[in-house]
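Asks: Below is the structure I would like to discuss, written out as structure tokens.
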Amino acid sequence: MSSPRKRATLRDVAARAGVSVAQASFALNGTGRVAPGTVERVRAAASDLDYQADGRARALRTGKRSAYGVIIRNMRNPFFLDVLRGMEVQAHEEGAFLLIMSSDYDVAREAAALRRLTAEAVGGIAITPIGRRGPLSAWLTNRTDIPVVAFNCTPELSAPGGAPRVPTVGPDDGAAVALALGHLRERGHRRATLVMAPRELAADWGREEEFVRLCADWGLDGTVVRCPLDHASVARMAAERISAPGHDALIVNSDYLGTAVYDAARSLGLRVGRDVSVVGHDNLPTSALLDPGLTTVGLDRELLGRSVMDLLLRPQDESVRLPVTLAVRGSVAVLPG
């Protein structure tokens, strides 16, 4: 059995290229005055030896970090693929890379992910936090040295415990709720249901506040239903609601969960757009392929990711709200009267 290959060091690269360690470092980092031919020779040697710089050692030496952490609360939702692509493209342009973890709506996992990324000496953390006062709040009171950007959550006017306020990036939730609820209203609906995470897990509580306010202003019968935001749980909840008399219209916070309503309707022999209505959020490419197509609120998902990464790379106290549009398809019935 062969022994593991020894990791190449900067000294090995310098020896292969026939230069000093300092020159090799300058050539690889693009600093100092190094002749173009020497740079080319050093980089060829690094490639031949499969040399990889120690990011943590470099961070301690230079104060510059190339790794950035991302904590997502629901890795099953395909919405995040486009967000991560936007982040990765922006990071790559800046010579950085991402370490991606999932909390899966588990506060213990979120706390553990924050500790792990701190230990990895990341240059910043982007997070879709759990709840309004979850593990992120406690972590922030002790880690003011690491830039943090929260996304897909309602911005806080102030942070607890004297910690700095966290910059946020996300869709314009007020406009999103208004578009969804307004569309239902235009089609004759007098009642609507907003699907939310359990109170202690919900980070987009601003959506609920806007829903309640608009229902009151427009004279609509609005109901907020809370359940775990996974496909199976939402399908069960939807089946219970739509099996009752009357036409129910559900507003969900992702197209991923919108498909759960389709499954619930199919299991009861009902049809979306005729017997039950649903409005999604995210406008995923696959949502137009459903039968009928899902009416949904859309936004530029890659732009969201780039905006998150930009705030991490150039920290500033800012809340970015991205514009949203409504893609009207066939999932909302037209009711008489």
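Each chain of the structure tokens is named A, B, ... in the order shown, its residues numbered from 1; ligands are numbered from 1 in display order.
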Excluding Pro147 in chain A and residues on its chain fewer than 3 positions from it, collect all residues at most 12 Å away from it, counting only C-alpha atoms, and give them as an NGL selection string.
Replies: :A and (65 or 68-70 or 118 or 121-127 or 140 or 143-144 or 150 or 164-168 or 308-317)
Asks: Which residues are close to range 11-24 of chain A, i.e. within 9 Å by only C-alpha atoms, leaving aside same-chain residues fewer than 5 positions away? Reply as a CSV table (one decimal) with C-alpha atoms, in the first residue's frame.
Replies:
```
chain,number,residue,atom,x,y,z
A,29,ASN,CA,0.2,36.5,-4.8
A,32,GLY,CA,6.2,42.8,-5.3
A,33,ARG,CA,8.4,43.2,-8.4
A,34,VAL,CA,8.8,39.9,-10.1
A,38,THR,CA,9.7,34.3,-13.2
A,39,VAL,CA,6.0,34.5,-12.5
A,41,ARG,CA,8.0,29.7,-14.1
A,42,VAL,CA,6.7,29.8,-10.5
A,43,ARG,CA,3.1,29.2,-11.5
A,44,ALA,CA,4.1,26.3,-13.7
A,45,ALA,CA,6.0,24.8,-10.7
A,46,ALA,CA,3.0,25.3,-8.4
A,48,ASP,CA,3.2,20.6,-11.5
A,49,LEU,CA,3.4,20.1,-7.7
A,51,TYR,CA,0.5,23.3,-4.6
```
Asks: For the atom pair CA of Asp221 in chain A and CA of Asp255 in chain A, what is the interatomic distance in Å to one decimal place?
Replies: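 Those two atoms sit 23.4 Å apart.
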Asks: Which is closer to Asp263 in chain A than all the others in A:Ser233, A:Thr296, A:Thr223, A:Thr154, using only C-alpha atoms?
Replies: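 Of A:Ser233, A:Thr296, A:Thr223, A:Thr154, the one nearest Asp263 in chain A is A:Ser233, counting only C-alpha atoms.
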Asks: Could you produce a table of the residues of range 123-166 of chain A lying within 12 Å of range 195-219 of chain A, with the nearest pair of atoms per residue and their separation in Å rounded to one decimal, using only C-alpha atoms, ordered by chain and increasing residue number, as CSV?
Replies:
```
residue,atom,partner,partner_atom,distance
A:Ile127,CA,A:Ala203,CA,11.2
A:Thr128,CA,A:Ala203,CA,8.1
A:Pro129,CA,A:Ala203,CA,6.5
A:Ile130,CA,A:Leu201,CA,5.2
A:Gly131,CA,A:Leu201,CA,4.0
A:Arg132,CA,A:Ala203,CA,5.4
A:Arg133,CA,A:Glu200,CA,8.1
A:Gly134,CA,A:Leu201,CA,7.9
A:Pro135,CA,A:Leu201,CA,11.0
A:Leu136,CA,A:Ala203,CA,11.4
A:Ala150,CA,A:Ala203,CA,10.0
A:Phe151,CA,A:Ala203,CA,9.6
A:Asn152,CA,A:Asp204,CA,7.0
A:Cys153,CA,A:Asp204,CA,4.5
A:Thr154,CA,A:Asp204,CA,4.8
A:Pro155,CA,A:Gly206,CA,8.3
A:Glu156,CA,A:Gly206,CA,9.8
A:Leu157,CA,A:Gly206,CA,11.9
```
Asks: Just all heavy atoms for this one: save the residues we selected as a compact mmCIF listing (two decimals), in the first residue's frame.
Replies:
```
# COMPACT_ATOMS: atom_id res chain seq x y z
N ILE A 127 -26.14 34.18 5.76
CA ILE A 127 -27.01 33.23 6.44
C ILE A 127 -28.48 33.55 6.19
O ILE A 127 -28.88 34.70 6.18
CB ILE A 127 -26.71 33.23 7.97
CG1 ILE A 127 -27.61 32.23 8.71
CG2 ILE A 127 -26.84 34.62 8.56
CD1 ILE A 127 -27.22 32.03 10.16
N THR A 128 -29.26 32.50 5.96
CA THR A 128 -30.71 32.62 6.03
C THR A 128 -31.08 32.17 7.45
O THR A 128 -31.14 30.98 7.73
CB THR A 128 -31.41 31.73 4.99
OG1 THR A 128 -30.93 30.38 5.11
CG2 THR A 128 -31.16 32.22 3.59
N PRO A 129 -31.27 33.11 8.35
CA PRO A 129 -31.39 32.76 9.77
C PRO A 129 -32.70 32.07 10.12
O PRO A 129 -33.69 32.18 9.40
CB PRO A 129 -31.28 34.12 10.47
CG PRO A 129 -31.82 35.08 9.47
CD PRO A 129 -31.39 34.56 8.12
N ILE A 130 -32.67 31.37 11.23
CA ILE A 130 -33.87 30.74 11.77
C ILE A 130 -34.47 31.68 12.81
O ILE A 130 -33.81 32.06 13.77
CB ILE A 130 -33.55 29.38 12.42
CG1 ILE A 130 -32.96 28.42 11.39
CG2 ILE A 130 -34.79 28.78 13.05
CD1 ILE A 130 -32.48 27.12 11.98
N GLY A 131 -35.72 32.04 12.62
CA GLY A 131 -36.43 32.83 13.62
C GLY A 131 -35.92 34.26 13.74
O GLY A 131 -35.00 34.70 13.06
N ARG A 132 -36.57 34.97 14.64
CA ARG A 132 -36.25 36.38 14.85
C ARG A 132 -35.20 36.57 15.93
O ARG A 132 -34.48 37.56 15.95
CB ARG A 132 -37.54 37.12 15.22
CG ARG A 132 -37.41 38.63 15.22
CD ARG A 132 -38.77 39.27 15.36
NE ARG A 132 -38.70 40.72 15.26
CZ ARG A 132 -39.75 41.52 15.27
NH1 ARG A 132 -40.96 41.01 15.35
NH2 ARG A 132 -39.58 42.84 15.19
N ARG A 133 -35.12 35.63 16.85
CA ARG A 133 -34.15 35.70 17.94
C ARG A 133 -33.47 34.34 18.09
O ARG A 133 -33.41 33.77 19.17
CB ARG A 133 -34.85 36.09 19.26
CG ARG A 133 -35.40 37.51 19.27
CD ARG A 133 -34.28 38.54 19.37
NE ARG A 133 -34.79 39.89 19.52
CZ ARG A 133 -34.99 40.73 18.52
NH1 ARG A 133 -34.73 40.33 17.28
NH2 ARG A 133 -35.46 41.95 18.73
N GLY A 134 -32.97 33.81 16.98
CA GLY A 134 -32.36 32.50 16.99
C GLY A 134 -30.89 32.54 17.37
O GLY A 134 -30.40 33.53 17.93
N PRO A 135 -30.14 31.48 17.07
CA PRO A 135 -28.72 31.40 17.44
C PRO A 135 -27.88 32.54 16.89
O PRO A 135 -26.88 32.93 17.50
CB PRO A 135 -28.28 30.05 16.83
CG PRO A 135 -29.53 29.25 16.75
CD PRO A 135 -30.63 30.23 16.46
N LEU A 136 -28.27 33.11 15.74
CA LEU A 136 -27.49 34.21 15.17
C LEU A 136 -27.42 35.39 16.12
O LEU A 136 -26.37 36.03 16.25
CB LEU A 136 -28.09 34.64 13.84
CG LEU A 136 -27.40 35.81 13.13
CD1 LEU A 136 -25.95 35.46 12.80
CD2 LEU A 136 -28.15 36.22 11.88
N ALA A 150 -27.44 38.74 6.42
CA ALA A 150 -28.60 37.85 6.48
C ALA A 150 -29.43 38.05 5.22
O ALA A 150 -29.58 39.18 4.74
CB ALA A 150 -29.43 38.15 7.72
N PHE A 151 -29.95 36.97 4.66
CA PHE A 151 -30.78 37.12 3.47
C PHE A 151 -32.04 36.28 3.58
O PHE A 151 -32.11 35.33 4.37
CB PHE A 151 -30.01 36.84 2.18
CG PHE A 151 -29.46 35.46 2.00
CD1 PHE A 151 -30.07 34.57 1.12
CD2 PHE A 151 -28.31 35.05 2.66
CE1 PHE A 151 -29.54 33.30 0.90
CE2 PHE A 151 -27.78 33.78 2.45
CZ PHE A 151 -28.40 32.90 1.57
N ASN A 152 -33.05 36.68 2.79
CA ASN A 152 -34.38 36.08 2.85
C ASN A 152 -34.96 36.14 4.26
O ASN A 152 -35.41 35.14 4.83
CB ASN A 152 -34.34 34.64 2.34
CG ASN A 152 -34.47 34.57 0.83
OD1 ASN A 152 -34.02 35.47 0.13
ND2 ASN A 152 -35.07 33.52 0.32
N CYS A 153 -34.91 37.32 4.84
CA CYS A 153 -35.49 37.55 6.16
C CYS A 153 -35.90 39.02 6.25
O CYS A 153 -35.44 39.85 5.47
CB CYS A 153 -34.50 37.19 7.27
SG CYS A 153 -32.98 38.17 7.24
N THR A 154 -36.75 39.32 7.22
CA THR A 154 -37.18 40.69 7.42
C THR A 154 -36.09 41.48 8.13
O THR A 154 -35.55 41.02 9.13
CB THR A 154 -38.47 40.71 8.28
OG1 THR A 154 -39.49 40.00 7.58
CG2 THR A 154 -38.94 42.14 8.53
N PRO A 155 -35.73 42.67 7.61
CA PRO A 155 -34.68 43.46 8.28
C PRO A 155 -35.10 43.88 9.68
O PRO A 155 -36.25 44.24 9.92
CB PRO A 155 -34.55 44.69 7.36
CG PRO A 155 -35.19 44.30 6.07
CD PRO A 155 -36.26 43.32 6.41
N GLU A 156 -34.14 43.82 10.62
CA GLU A 156 -34.36 44.30 11.98
C GLU A 156 -33.95 45.77 12.04
O GLU A 156 -32.92 46.16 11.48
CB GLU A 156 -33.54 43.49 12.97
CG GLU A 156 -34.03 42.07 13.19
CD GLU A 156 -35.21 42.00 14.14
OE1 GLU A 156 -35.76 43.06 14.49
OE2 GLU A 156 -35.57 40.88 14.53
N LEU A 157 -34.74 46.59 12.73
CA LEU A 157 -34.37 47.99 12.90
C LEU A 157 -33.20 48.15 13.85
O LEU A 157 -32.42 49.08 13.75
CB LEU A 157 -35.58 48.79 13.40
CG LEU A 157 -36.78 48.83 12.44
CD1 LEU A 157 -37.92 49.62 13.07
CD2 LEU A 157 -36.37 49.46 11.11
```
